[in-house]
>>> print(open('start_1.tsv').read())   # TSV, C-alpha atoms and all ligand atoms
chain	number	residue	atom	x	y	z
A	22	MET	CA	3.57	14.66	44.64
A	23	THR	CA	5.56	17.49	46.23
A	24	ASN	CA	7.44	20.27	44.50
A	25	ARG	CA	10.74	21.30	46.06
A	26	GLN	CA	11.67	24.92	45.65
A	27	ILE	CA	14.63	26.99	46.91
A	28	VAL	CA	13.77	30.50	48.06
A	29	ILE	CA	15.83	33.46	49.30
A	30	ALA	CA	15.77	33.31	53.12
A	31	GLU	CA	17.78	36.52	53.47
A	32	LEU	CA	19.59	38.73	50.97
A	33	PRO	CA	23.39	38.67	51.37
A	34	GLU	CA	25.22	41.85	52.34
A	35	ASP	CA	28.68	40.48	51.56
A	36	ALA	CA	29.70	36.96	50.52
A	37	LEU	CA	26.88	34.54	49.63
A	38	ARG	CA	26.40	31.66	52.11
A	39	PRO	CA	24.10	28.59	52.29
A	40	GLU	CA	21.94	30.23	55.01
A	41	HIS	CA	20.81	32.86	52.50
A	42	PHE	CA	18.65	30.11	50.94
A	43	ARG	CA	15.83	27.89	52.25
A	44	LEU	CA	14.34	24.71	50.77
A	45	THR	CA	10.52	24.63	50.78
A	46	GLU	CA	8.02	21.97	49.72
A	47	THR	CA	4.62	22.67	48.18
A	48	ASP	CA	2.20	20.82	45.93
A	49	VAL	CA	3.17	20.53	42.28
A	50	PRO	CA	1.40	23.48	40.58
A	51	ASP	CA	-1.30	22.83	37.97
A	52	PRO	CA	-1.29	24.96	34.81
A	53	GLY	CA	-4.09	27.50	34.27
A	54	ALA	CA	-5.70	28.41	30.94
A	55	GLY	CA	-3.02	28.96	28.27
A	56	GLU	CA	-0.35	27.70	30.63
A	57	VAL	CA	2.01	24.72	30.72
A	58	GLN	CA	3.46	22.72	33.60
A	59	LEU	CA	7.22	22.19	33.18
A	60	ARG	CA	9.53	19.65	34.82
A	61	VAL	CA	12.89	21.34	35.32
A	62	ILE	CA	15.78	19.27	33.91
A	63	LEU	CA	18.84	21.56	33.92
A	64	MET	CA	19.27	24.94	35.63
A	65	SER	CA	21.94	27.39	34.51
A	66	ILE	CA	24.19	28.60	37.34
A	67	ASP	CA	25.52	32.02	36.39
A	68	ALA	CA	27.72	34.60	38.06
A	69	ALA	CA	24.94	37.06	37.20
A	70	ASN	CA	22.60	35.22	39.64
A	71	ARG	CA	24.55	36.88	42.44
A	72	SER	CA	24.30	40.34	40.84
A	73	TRP	CA	20.49	39.99	40.70
A	74	MET	CA	20.56	39.90	44.54
A	75	ARG	CA	22.29	43.30	44.65
A	76	GLY	CA	19.48	45.20	42.91
A	77	ALA	CA	17.84	45.67	39.53
A	78	THR	CA	20.13	44.90	36.58
A	79	TYR	CA	18.91	44.03	33.08
A	80	ARG	CA	16.14	42.29	35.05
A	81	ALA	CA	14.24	43.04	38.28
A	82	ALA	CA	16.06	42.55	41.58
A	83	VAL	CA	15.59	39.30	43.51
A	84	LYS	CA	13.94	39.86	46.91
A	85	THR	CA	13.71	37.95	50.19
A	86	GLY	CA	11.05	35.24	49.91
A	87	ASP	CA	11.36	34.93	46.12
A	88	ALA	CA	12.01	31.54	44.60
A	89	MET	CA	15.50	31.89	43.12
A	90	PRO	CA	15.15	32.67	39.40
A	91	THR	CA	17.14	30.78	36.78
A	92	TYR	CA	17.30	30.08	33.09
A	93	ALA	CA	16.36	26.40	32.68
A	94	ILE	CA	15.80	23.62	30.19
A	95	CYS	CA	12.55	21.82	30.95
A	96	GLU	CA	10.14	19.16	29.69
A	97	VAL	CA	6.46	19.96	29.21
A	98	THR	CA	4.52	17.65	31.57
A	99	LYS	CA	1.02	19.20	31.21
A	100	SER	CA	-0.27	21.61	28.59
A	101	ASN	CA	-3.33	23.84	28.37
A	102	SER	CA	-2.11	25.47	25.19
A	103	ASP	CA	-1.97	24.62	21.47
A	104	ARG	CA	1.54	26.04	21.34
A	105	LEU	CA	3.22	23.21	23.26
A	106	ALA	CA	2.59	19.48	23.72
A	107	VAL	CA	3.47	17.13	26.56
A	108	GLY	CA	7.03	15.89	25.98
A	109	ASP	CA	8.25	19.06	24.26
A	110	ILE	CA	11.63	20.37	25.44
A	111	VAL	CA	11.70	24.09	26.15
A	112	ALA	CA	13.91	26.86	27.54
A	113	ALA	CA	12.28	29.13	30.10
A	114	GLU	CA	12.85	31.68	32.82
A	115	ALA	CA	12.20	29.26	35.70
A	116	THR	CA	13.00	29.08	39.39
A	117	TRP	CA	15.11	26.68	41.46
A	118	SER	CA	12.24	24.13	41.57
A	119	ASP	CA	11.27	20.63	40.48
A	120	TYR	CA	8.21	21.96	38.61
A	121	ILE	CA	6.95	25.35	37.50
A	122	THR	CA	3.95	26.64	35.54
A	123	LEU	CA	3.97	29.57	33.16
A	124	PRO	CA	2.11	30.96	30.13
A	125	ALA	CA	3.02	28.79	27.13
A	126	HIS	CA	4.16	31.79	25.09
A	127	LYS	CA	6.94	32.40	27.64
A	128	ALA	CA	8.58	29.03	26.92
A	129	GLN	CA	10.79	28.64	23.87
A	130	LYS	CA	10.63	25.27	22.14
A	131	LEU	CA	14.07	23.67	21.68
A	132	PRO	CA	15.23	21.03	19.22
A	133	LYS	CA	15.49	17.47	20.58
A	134	VAL	CA	19.23	16.80	20.71
A	135	PRO	CA	21.10	13.79	22.14
A	136	GLN	CA	22.56	15.81	25.03
A	137	LEU	CA	20.41	18.63	26.43
A	138	SER	CA	23.32	20.14	28.39
A	139	HIS	CA	24.88	21.28	25.09
A	140	LEU	CA	21.90	23.62	24.65
A	141	MET	CA	23.03	25.37	27.82
A	142	SER	CA	26.78	25.33	27.24
A	143	VAL	CA	28.26	25.57	23.79
A	144	TYR	CA	24.95	26.07	21.92
A	145	GLY	CA	23.34	28.01	24.78
A	146	ILE	CA	23.87	31.14	26.80
A	147	ALA	CA	27.61	30.57	27.33
A	148	GLY	CA	28.52	29.97	23.69
A	149	LYS	CA	26.25	32.76	22.46
A	150	THR	CA	27.63	35.29	24.96
A	151	ALA	CA	31.19	34.41	23.98
A	152	TYR	CA	30.49	34.54	20.24
A	153	HIS	CA	28.41	37.70	20.10
A	154	GLY	CA	30.62	39.68	22.48
A	155	LEU	CA	33.85	38.68	20.78
A	156	ILE	CA	32.67	38.90	17.16
A	157	SER	CA	30.35	41.92	17.28
A	158	ILE	CA	32.14	44.05	19.86
A	159	GLY	CA	35.73	42.76	20.04
A	160	ARG	CA	35.98	42.34	16.23
A	161	PRO	CA	39.24	40.39	16.39
A	162	MET	CA	41.40	39.91	13.31
A	163	ALA	CA	43.79	37.04	12.62
A	164	GLY	CA	47.20	37.76	14.09
A	165	GLU	CA	45.86	40.03	16.84
A	166	THR	CA	46.28	39.29	20.55
A	167	VAL	CA	43.13	38.65	22.58
A	168	ILE	CA	43.08	38.56	26.40
A	169	VAL	CA	40.12	37.03	28.25
A	170	SER	CA	39.49	36.85	32.00
A	171	ALA	CA	37.65	34.06	33.88
A	172	ALA	CA	39.32	32.01	31.14
A	173	ALA	CA	38.47	28.63	32.66
A	174	GLY	CA	34.83	29.63	33.13
A	175	SER	CA	32.00	29.01	30.74
A	176	VAL	CA	32.01	32.23	28.72
A	177	GLY	CA	35.76	32.82	28.94
A	178	GLY	CA	36.70	29.32	27.80
A	179	TYR	CA	34.62	29.68	24.62
A	180	VAL	CA	35.90	33.23	23.95
A	181	GLY	CA	39.49	31.99	23.90
A	182	GLN	CA	38.73	28.96	21.76
A	183	ILE	CA	36.78	31.05	19.21
A	184	ALA	CA	39.61	33.59	19.06
A	185	ARG	CA	42.13	30.78	18.46
A	186	ALA	CA	39.91	29.36	15.70
A	187	LEU	CA	40.00	32.83	14.08
A	188	GLY	CA	43.81	32.86	14.10
A	189	CYS	CA	44.43	35.12	17.09
A	190	ARG	CA	47.02	34.75	19.81
A	191	VAL	CA	45.05	34.10	23.01
A	192	VAL	CA	46.07	34.88	26.59
A	193	GLY	CA	43.81	33.82	29.46
A	194	ILE	CA	43.58	35.13	33.00
A	195	ALA	CA	42.43	32.61	35.62
A	196	GLY	CA	42.74	31.84	39.33
A	197	GLY	CA	45.49	29.40	40.32
A	198	ALA	CA	48.33	27.57	38.59
A	199	GLU	CA	46.32	24.39	38.07
A	200	LYS	CA	43.51	26.24	36.26
A	201	CYS	CA	46.00	28.13	34.13
A	202	ARG	CA	47.66	24.86	33.10
A	203	TRP	CA	44.23	23.40	32.22
A	204	VAL	CA	43.35	26.47	30.12
A	205	GLN	CA	46.54	26.02	28.07
A	206	GLU	CA	46.64	22.23	27.85
A	207	GLU	CA	42.92	21.47	27.52
A	208	LEU	CA	41.59	24.59	25.77
A	209	GLY	CA	44.71	25.36	23.72
A	210	PHE	CA	45.30	28.97	24.84
A	211	ASP	CA	48.78	30.30	24.00
A	212	ALA	CA	49.33	31.50	27.57
A	213	CYS	CA	47.41	31.89	30.81
A	214	VAL	CA	48.25	34.19	33.72
A	215	ASP	CA	47.32	33.48	37.35
A	216	TYR	CA	45.76	36.67	38.75
A	217	ARG	CA	45.93	35.30	42.30
A	218	ALA	CA	49.73	35.03	42.20
A	219	GLY	CA	50.20	38.84	42.31
A	220	GLY	CA	52.03	41.09	39.82
A	221	LEU	CA	49.31	40.71	37.21
A	222	SER	CA	50.26	43.75	35.09
A	223	ARG	CA	53.84	42.57	34.75
A	224	ALA	CA	52.83	38.96	34.06
A	225	LEU	CA	50.39	40.14	31.37
A	226	ALA	CA	53.05	42.32	29.77
A	227	GLU	CA	55.34	39.27	29.60
A	228	ALA	CA	52.57	37.10	28.16
A	229	CYS	CA	51.69	39.78	25.55
A	230	PRO	CA	55.02	40.95	24.07
A	231	ASP	CA	53.14	42.76	21.27
A	232	GLY	CA	50.48	44.19	23.59
A	233	ALA	CA	46.79	43.27	23.31
A	234	ASP	CA	44.21	44.34	20.74
A	235	VAL	CA	41.09	42.91	22.37
A	236	TYR	CA	40.32	42.40	26.05
A	237	PHE	CA	37.16	40.41	26.83
A	238	ASP	CA	36.37	41.41	30.41
A	239	ASN	CA	34.34	39.02	32.57
A	240	VAL	CA	35.55	40.26	35.93
A	241	GLY	CA	36.06	44.05	36.16
A	242	GLY	CA	37.94	45.59	39.11
A	243	LYS	CA	41.71	45.19	39.43
A	244	VAL	CA	41.96	42.62	36.66
A	245	LEU	CA	40.40	45.11	34.24
A	246	GLU	CA	42.88	47.74	35.45
A	247	SER	CA	45.83	45.44	34.68
A	248	ALA	CA	44.48	44.45	31.27
A	249	LEU	CA	44.04	48.12	30.27
A	250	ASN	CA	47.75	48.62	31.01
A	251	VAL	CA	48.76	46.23	28.19
A	252	MET	CA	46.23	47.33	25.57
A	253	ASN	CA	47.50	48.62	22.25
A	254	GLU	CA	46.27	51.89	20.74
A	255	ARG	CA	42.75	51.59	19.29
A	256	GLY	CA	42.17	48.33	21.17
A	257	ARG	CA	38.66	47.08	21.95
A	258	VAL	CA	37.50	46.24	25.48
A	259	VAL	CA	34.43	44.00	25.58
A	260	CYS	CA	32.55	44.53	28.86
A	261	CYS	CA	30.71	41.26	29.44
A	262	GLY	CA	30.46	41.17	33.24
A	263	ALA	CA	32.14	42.06	36.52
A	264	VAL	CA	32.18	38.89	38.62
A	265	SER	CA	34.87	40.30	40.97
A	266	GLN	CA	32.32	42.92	42.09
A	267	TYR	CA	29.21	40.78	42.66
A	268	ASP	CA	29.97	38.96	45.92
A	269	THR	CA	31.54	41.70	48.02
A	270	ASP	CA	30.46	44.69	50.09
A	271	ALA	CA	33.54	46.62	48.92
A	272	PRO	CA	33.51	46.91	45.10
A	273	ALA	CA	36.77	48.31	43.68
A	274	GLY	CA	36.89	49.86	40.22
A	275	PRO	CA	39.94	50.27	37.97
A	276	ARG	CA	41.98	53.39	38.82
A	277	ASN	CA	43.15	54.01	35.25
A	278	LEU	CA	39.73	54.98	33.86
A	279	PRO	CA	39.17	57.09	31.85
A	280	GLY	CA	42.88	57.93	31.45
A	281	ALA	CA	43.87	54.74	29.64
A	282	ILE	CA	40.86	55.02	27.32
A	283	VAL	CA	41.83	58.55	26.31
A	284	VAL	CA	45.56	58.04	25.89
A	285	LYS	CA	45.26	54.76	24.00
A	286	ARG	CA	42.09	55.72	22.05
A	287	LEU	CA	40.41	52.53	23.31
A	288	ARG	CA	36.78	51.61	22.65
A	289	MET	CA	35.02	50.06	25.66
A	290	GLU	CA	31.53	48.66	25.10
A	291	GLY	CA	29.11	46.59	27.12
A	292	PHE	CA	26.48	44.19	25.82
A	293	ILE	CA	23.79	41.76	26.92
A	294	VAL	CA	23.66	38.53	24.94
A	295	MET	CA	20.00	39.06	23.94
A	296	ASP	CA	21.06	42.24	22.06
A	297	PHE	CA	22.37	39.99	19.30
A	298	ALA	CA	19.54	37.44	19.16
A	299	ARG	CA	19.09	38.29	15.47
A	300	ASP	CA	22.51	36.70	14.84
A	301	ASP	CA	21.89	33.54	16.91
A	302	ASP	CA	21.51	31.29	13.84
A	303	LYS	CA	24.84	32.50	12.46
A	304	CYS	CA	26.42	31.94	15.88
A	305	LEU	CA	25.08	28.40	16.20
A	306	ARG	CA	26.26	27.47	12.69
A	307	ALA	CA	29.76	28.75	13.47
A	308	MET	CA	29.93	27.05	16.88
A	309	ARG	CA	28.75	23.73	15.38
A	310	HIS	CA	31.41	24.00	12.66
A	311	TRP	CA	34.20	24.58	15.19
A	312	VAL	CA	32.96	21.82	17.51
A	313	GLU	CA	32.77	19.32	14.62
A	314	ARG	CA	36.30	20.25	13.49
A	315	GLY	CA	37.61	19.79	17.05
A	316	GLN	CA	38.53	23.51	17.36
A	317	ILE	CA	36.15	24.03	20.26
A	318	LYS	CA	35.94	21.60	23.19
A	319	VAL	CA	32.63	21.49	25.03
A	320	THR	CA	33.39	22.10	28.69
A	321	GLU	CA	30.63	21.45	31.21
A	322	ASP	CA	30.53	21.26	34.99
A	323	ILE	CA	27.29	19.61	36.09
A	324	VAL	CA	26.29	19.52	39.78
A	325	GLU	CA	23.70	16.84	40.60
A	326	GLY	CA	20.54	17.66	42.58
A	327	LEU	CA	18.29	20.68	43.11
A	328	GLU	CA	19.25	20.76	46.80
A	329	ASN	CA	22.87	21.46	45.81
A	330	ALA	CA	22.05	24.62	43.80
A	331	PRO	CA	23.04	27.09	46.57
A	332	GLN	CA	26.47	25.46	46.97
A	333	ALA	CA	26.83	25.32	43.18
A	334	LEU	CA	26.41	29.11	42.96
A	335	ILE	CA	28.63	29.81	45.99
A	336	GLY	CA	31.30	27.54	44.49
A	337	LEU	CA	31.09	29.24	41.09
A	338	LEU	CA	31.73	32.62	42.69
A	339	ALA	CA	34.74	31.10	44.48
A	340	GLY	CA	36.12	29.77	41.18
A	341	GLU	CA	35.32	26.07	41.73
A	342	ASN	CA	34.11	25.46	38.19
A	343	LYS	CA	35.79	24.66	34.91
A	344	GLY	CA	33.44	25.24	31.99
A	345	LYS	CA	29.70	25.85	32.07
A	346	ARG	CA	28.25	25.15	35.51
A	347	MET	CA	24.68	23.89	35.70
A	348	VAL	CA	22.54	21.88	38.13
A	349	ARG	CA	20.80	18.71	37.02
A	350	VAL	CA	17.37	18.50	38.64
A	351	ALA	CA	16.07	15.57	36.57
A	352	ALA	CA	17.46	13.15	33.98
A	353	ASP	CA	17.20	13.94	30.25
A	354	PRO	CA	13.98	12.33	28.93
A	355	ASN	CA	14.53	9.26	26.72
A	401	LIG	P1	32.08	31.47	34.94
A	401	LIG	O1	33.06	32.30	34.19
A	401	LIG	O2	31.82	30.09	34.52
A	401	LIG	O3	32.48	31.43	36.48
A	401	LIG	C1	32.85	32.58	37.15
A	401	LIG	C2	34.38	32.60	37.28
A	401	LIG	O4	34.76	33.89	37.70
A	401	LIG	C3	34.87	31.67	38.37
A	401	LIG	O5	35.07	30.37	37.89
A	401	LIG	C4	36.16	32.35	38.83
A	401	LIG	O6	37.26	31.75	38.18
A	401	LIG	C5	36.01	33.80	38.32
A	401	LIG	N1	36.07	34.74	39.44
A	401	LIG	C6	35.32	34.74	40.56
A	401	LIG	N2	35.68	35.77	41.35
A	401	LIG	C7	36.66	36.43	40.71
A	401	LIG	C8	37.44	37.58	41.01
A	401	LIG	N3	37.28	38.25	42.18
A	401	LIG	N4	38.36	37.98	40.13
A	401	LIG	C9	38.54	37.32	38.97
A	401	LIG	N5	37.84	36.22	38.63
A	401	LIG	C10	36.91	35.78	39.48
A	401	LIG	O7	30.72	32.29	35.09
A	401	LIG	P2	29.74	32.82	33.97
A	401	LIG	O8	28.38	32.70	34.52
A	401	LIG	O9	30.10	32.22	32.67
A	401	LIG	O10	30.04	34.37	33.93
A	401	LIG	C11	31.23	34.93	33.39
A	401	LIG	C12	30.98	36.42	33.20
A	401	LIG	O11	30.12	36.59	32.08
A	401	LIG	C13	30.27	37.08	34.39
A	401	LIG	O12	30.80	38.36	34.61
A	401	LIG	C14	28.83	37.17	33.93
A	401	LIG	O13	28.13	38.19	34.57
A	401	LIG	C15	29.06	37.42	32.45
A	401	LIG	N6	27.93	37.13	31.56
A	401	LIG	C16	27.47	38.16	30.80
A	401	LIG	C17	26.46	37.94	29.90
A	401	LIG	C18	26.01	39.10	29.05
A	401	LIG	O14	25.01	38.97	28.35
A	401	LIG	N7	26.70	40.23	29.11
A	401	LIG	C19	25.88	36.66	29.77
A	401	LIG	C20	26.39	35.61	30.55
A	401	LIG	C21	27.43	35.86	31.45
A	401	LIG	P3	38.76	31.89	38.75
A	401	LIG	O15	39.08	30.62	39.44
A	401	LIG	O16	39.54	32.11	37.52
A	401	LIG	O17	38.75	33.04	39.70
>>> encode(input="start_1.tsv", output="structure tokens", more="lines below")
Ligand code: NAP
Amino acid sequence: MTNRQIVIAELPEDALRPEHFRLTETDVPDPGAGEVQLRVILMSIDAANRSWMRGATYRAAVKTGDAMPTYAICEVTKSNSDRLAVGDIVAAEATWSDYITLPAHKAQKLPKVPQLSHLMSVYGIAGKTAYHGLISIGRPMAGETVIVSAAAGSVGGYVGQIARALGCRVVGIAGGAEKCRWVQEELGFDACVDYRAGGLSRALAEACPDGADVYFDNVGGKVLESALNVMNERGRVVCCGAVSQYDTDAPAGPRNLPGAIVVKRLRMEGFIVMDFARDDDKCLRAMRHWVERGQIKVTEDIVEGLENAPQALIGLLAGENKGKRMVRVAADPN
């Protein structure tokens, strides 16, 4: 049996392209003492994957020759540990591969649910990032206006839906008229502004007649600059990510920093989802409640086949996806 694996052929200097990756085939690895062999089922495709190729972030940099790292949901296929049994479903730091091995203590056992993809979208990294960032850093109150960028993406879509469930007025920012329509009609946002159409500051001012109290920033750069222009005094800016800066050799920061922060007494704070792991149970209970009441729609964008992972990431950075993008490597076990 062979194990397919996608490695970095060459690190990108500007936009990511298929030739930056190479598909290799090796034998399926056997687990050592205390290790497990995992069959990869679903791989998370994240904007952050591209930032890992630029240098060290909250994790080590990815280098040429490395198998591309990913967060994955896997099935235990062999076990040399008492911690995990064959057939268990786990989450793990994996690679773009059919099979991996790792020490059993590095895999986190997951509940068996009817649809594993939900553990990656609404009850996984996307839902948790949206919930923790909005609740713990944005601290929105009913009646306030919340703006969120990459609004049709996985994190942004949940941020807006949570804010609506809390009684806020929600304005999205997304690329293209069709996506903006989808964000309003499908996700129930009050308004959505197309940042590709030009005149973003003016369009945001029109969409936020009372200004904005919270801005959940997924993109950084010029979009952040425009959002700062419509913030109210003592507003909160949640710095979740900067996808506009990951896939370019010419990053461009907002020009109104720190001026806008000073004049408007804004609070701007970054976070990494793991910072709030202690509140994960509370998050999952809240998300389940909103999903069951129909206040949050689960949006997923699943690309079939390990070999399509490079294009899935390139497409995500180009704004192809609606909802949580992931790659299915193998079918959910029965
Ligand atoms: P996503 O939002 O599902 O997809 C990325 C979206 O970004 C694309 O669909 C695209 O939508 C938009 N985009 C791409 N280039 C852009 C640009 N130049 N300007 C504005 N928008 C652009 O991806 P995700 O993986 O969920 O990540 C969203 C953000 O959350 C990223 O910044 C990521 O780093 C961050 N994140 C942070 C944490 C944390 O712990 N802090 C955890 C997970 C994710 P359009 O068509 O609208 O352009």
>>> atom_distance(input="start_1.tsv", atom1="atom CA of Lys318 of chain A", atom2="atom CA of Arg257 of chain A")
25.7 Å
>>> atom_distance(input="start_1.tsv", atom1="atom CA of Gln58 of chain A", atom2="atom CA of Val97 of chain A")
6.0 Å
>>> closest_residue(input="start_1.tsv", among="A:Gly340, A:Pro90, A:Pro39, A:Pro124", to="Val57 of chain A", atoms="all atoms listed in the file")
A:Pro124
>>> residues_near_ligand(input="start_1.tsv", ligand="ligand LIG 401 (chain A)", cutoff="6 Å", atoms="all atoms listed in the file", output="PyMOL selection string")
chain A and resi 67-69+150+171+174-177+195-196+239-240+261-265+292-294+337-342+344-345
>>> residues_around(input="start_1.tsv", residues="Val180 of chain A", least_positions_apart="4", cutoff="9 Å", atoms="only C-alpha atoms", output="list in words")
Gly148, Thr150, Ala151, Tyr152, Gly154, Leu155, Val169, Ala172, Ser175, Val176, Ala184, Arg185 and Phe237 of chain A
>>> closest_atom_pairs(input="start_1.tsv", of="segment 45-131 of chain A", to="segment 33-38 of chain A", cutoff="12 Å", atoms="all atoms listed in the file", output="Markdown table")
| residue | atom | partner | partner_atom | distance |
| --- | --- | --- | --- | --- |
| A:Ala68 | CA | A:Leu37 | CA | 11.6 |
| A:Asn70 | CA | A:Leu37 | CA | 10.9 |
| A:Arg71 | CA | A:Leu37 | CA | 7.9 |
| A:Ser72 | CA | A:Pro33 | CA | 10.7 |
| A:Trp73 | CA | A:Pro33 | CA | 11.1 |
| A:Met74 | CA | A:Pro33 | CA | 7.5 |
| A:Arg75 | CA | A:Pro33 | CA | 8.2 |
| A:Gly76 | CA | A:Pro33 | CA | 11.4 |
| A:Val83 | CA | A:Pro33 | CA | 11.1 |
| A:Lys84 | CA | A:Pro33 | CA | 10.5 |
| A:Thr85 | CA | A:Pro33 | CA | 9.8 |
>>> atom_distance(input="start_1.tsv", atom1="atom CA of Met64 of chain A", atom2="atom CA of Trp311 of chain A")
25.3 Å
>>> axis_aligned_box(input="start_1.tsv", around="segment 115-120 of chain A", padding_each_side="8 Å", output="AutoDock Vina command-line options")
--center_x 11.7 --center_y 24.9 --center_z 38.6 --size_x 22.9 --size_y 24.6 --size_z 21.9
>>> closest_residue(input="start_1.tsv", among="A:Val251, A:Ile335, A:Leu287, A:Leu208", to="Glu40 of chain A", atoms="all atoms listed in the file")
A:Ile335
>>> closest_residue(input="start_1.tsv", among="A:Leu59, A:Leu32, A:Met308, A:Ala112", to="Glu96 of chain A", atoms="all atoms listed in the file")
A:Leu59
>>> closest_atom_pairs(input="start_1.tsv", of="segment 82-185 of chain A", to="segment 228-234 of chain A", cutoff="9 Å", atoms="all atoms listed in the file", output="tab-separated table")
residue	atom	partner	partner_atom	distance
A:Gly159	CA	A:Asp234	CA	8.7
A:Pro161	CA	A:Asp234	CA	7.7
A:Glu165	CA	A:Asp234	CA	6.0
A:Thr166	CA	A:Ala233	CA	4.9
A:Val167	CA	A:Ala233	CA	5.9
A:Ile168	CA	A:Ala233	CA	6.7
>>> residues_around(input="start_1.tsv", residues="Leu245 of chain A", least_positions_apart="5", cutoff="9 Å", atoms="only C-alpha atoms", output="JSON, numbers by chain")
{"A": [170, 236, 238, 239, 240, 250, 274, 275]}
>>> residues_around(input="start_1.tsv", residues="Thr45 of chain A", least_positions_apart="3", cutoff="10 Å", atoms="only C-alpha atoms", output="PDB file with C-alpha atoms, in the coordinates of the input")
ATOM      1  CA  THR A  23       5.560  17.490  46.230  1.00  0.00           C
ATOM      2  CA  ASN A  24       7.440  20.270  44.500  1.00  0.00           C
ATOM      3  CA  ARG A  25      10.740  21.300  46.060  1.00  0.00           C
ATOM      4  CA  GLN A  26      11.670  24.920  45.650  1.00  0.00           C
ATOM      5  CA  ILE A  27      14.630  26.990  46.910  1.00  0.00           C
ATOM      6  CA  VAL A  28      13.770  30.500  48.060  1.00  0.00           C
ATOM      7  CA  PHE A  42      18.650  30.110  50.940  1.00  0.00           C
ATOM      8  CA  ALA A  88      12.010  31.540  44.600  1.00  0.00           C
ATOM      9  CA  SER A 118      12.240  24.130  41.570  1.00  0.00           C
TER      10      SER A 118
END
>>> residues_near_point(input="start_1.tsv", point="(41.9, 48.3, 23.7)", cutoff="9 Å", atoms="only C-alpha atoms", output="MDAnalysis selection string")
chainID A and resid 233:236 248:249 251:259 281:282 285:289
>>> closest_residue(input="start_1.tsv", among="A:Ser138, A:Val204, A:Pro354, A:Val283", to="Val191 of chain A", atoms="all atoms listed in the file")
A:Val204
>>> closest_residue(input="start_1.tsv", among="A:Met141, A:His310, A:Ala351, A:Ile183", to="Arg160 of chain A", atoms="all atoms listed in the file")
A:Ile183
>>> closest_residue(input="start_1.tsv", among="A:Leu225, A:Leu137, A:Val244, A:Ala147", to="Ile66 of chain A", atoms="all atoms listed in the file")
A:Ala147
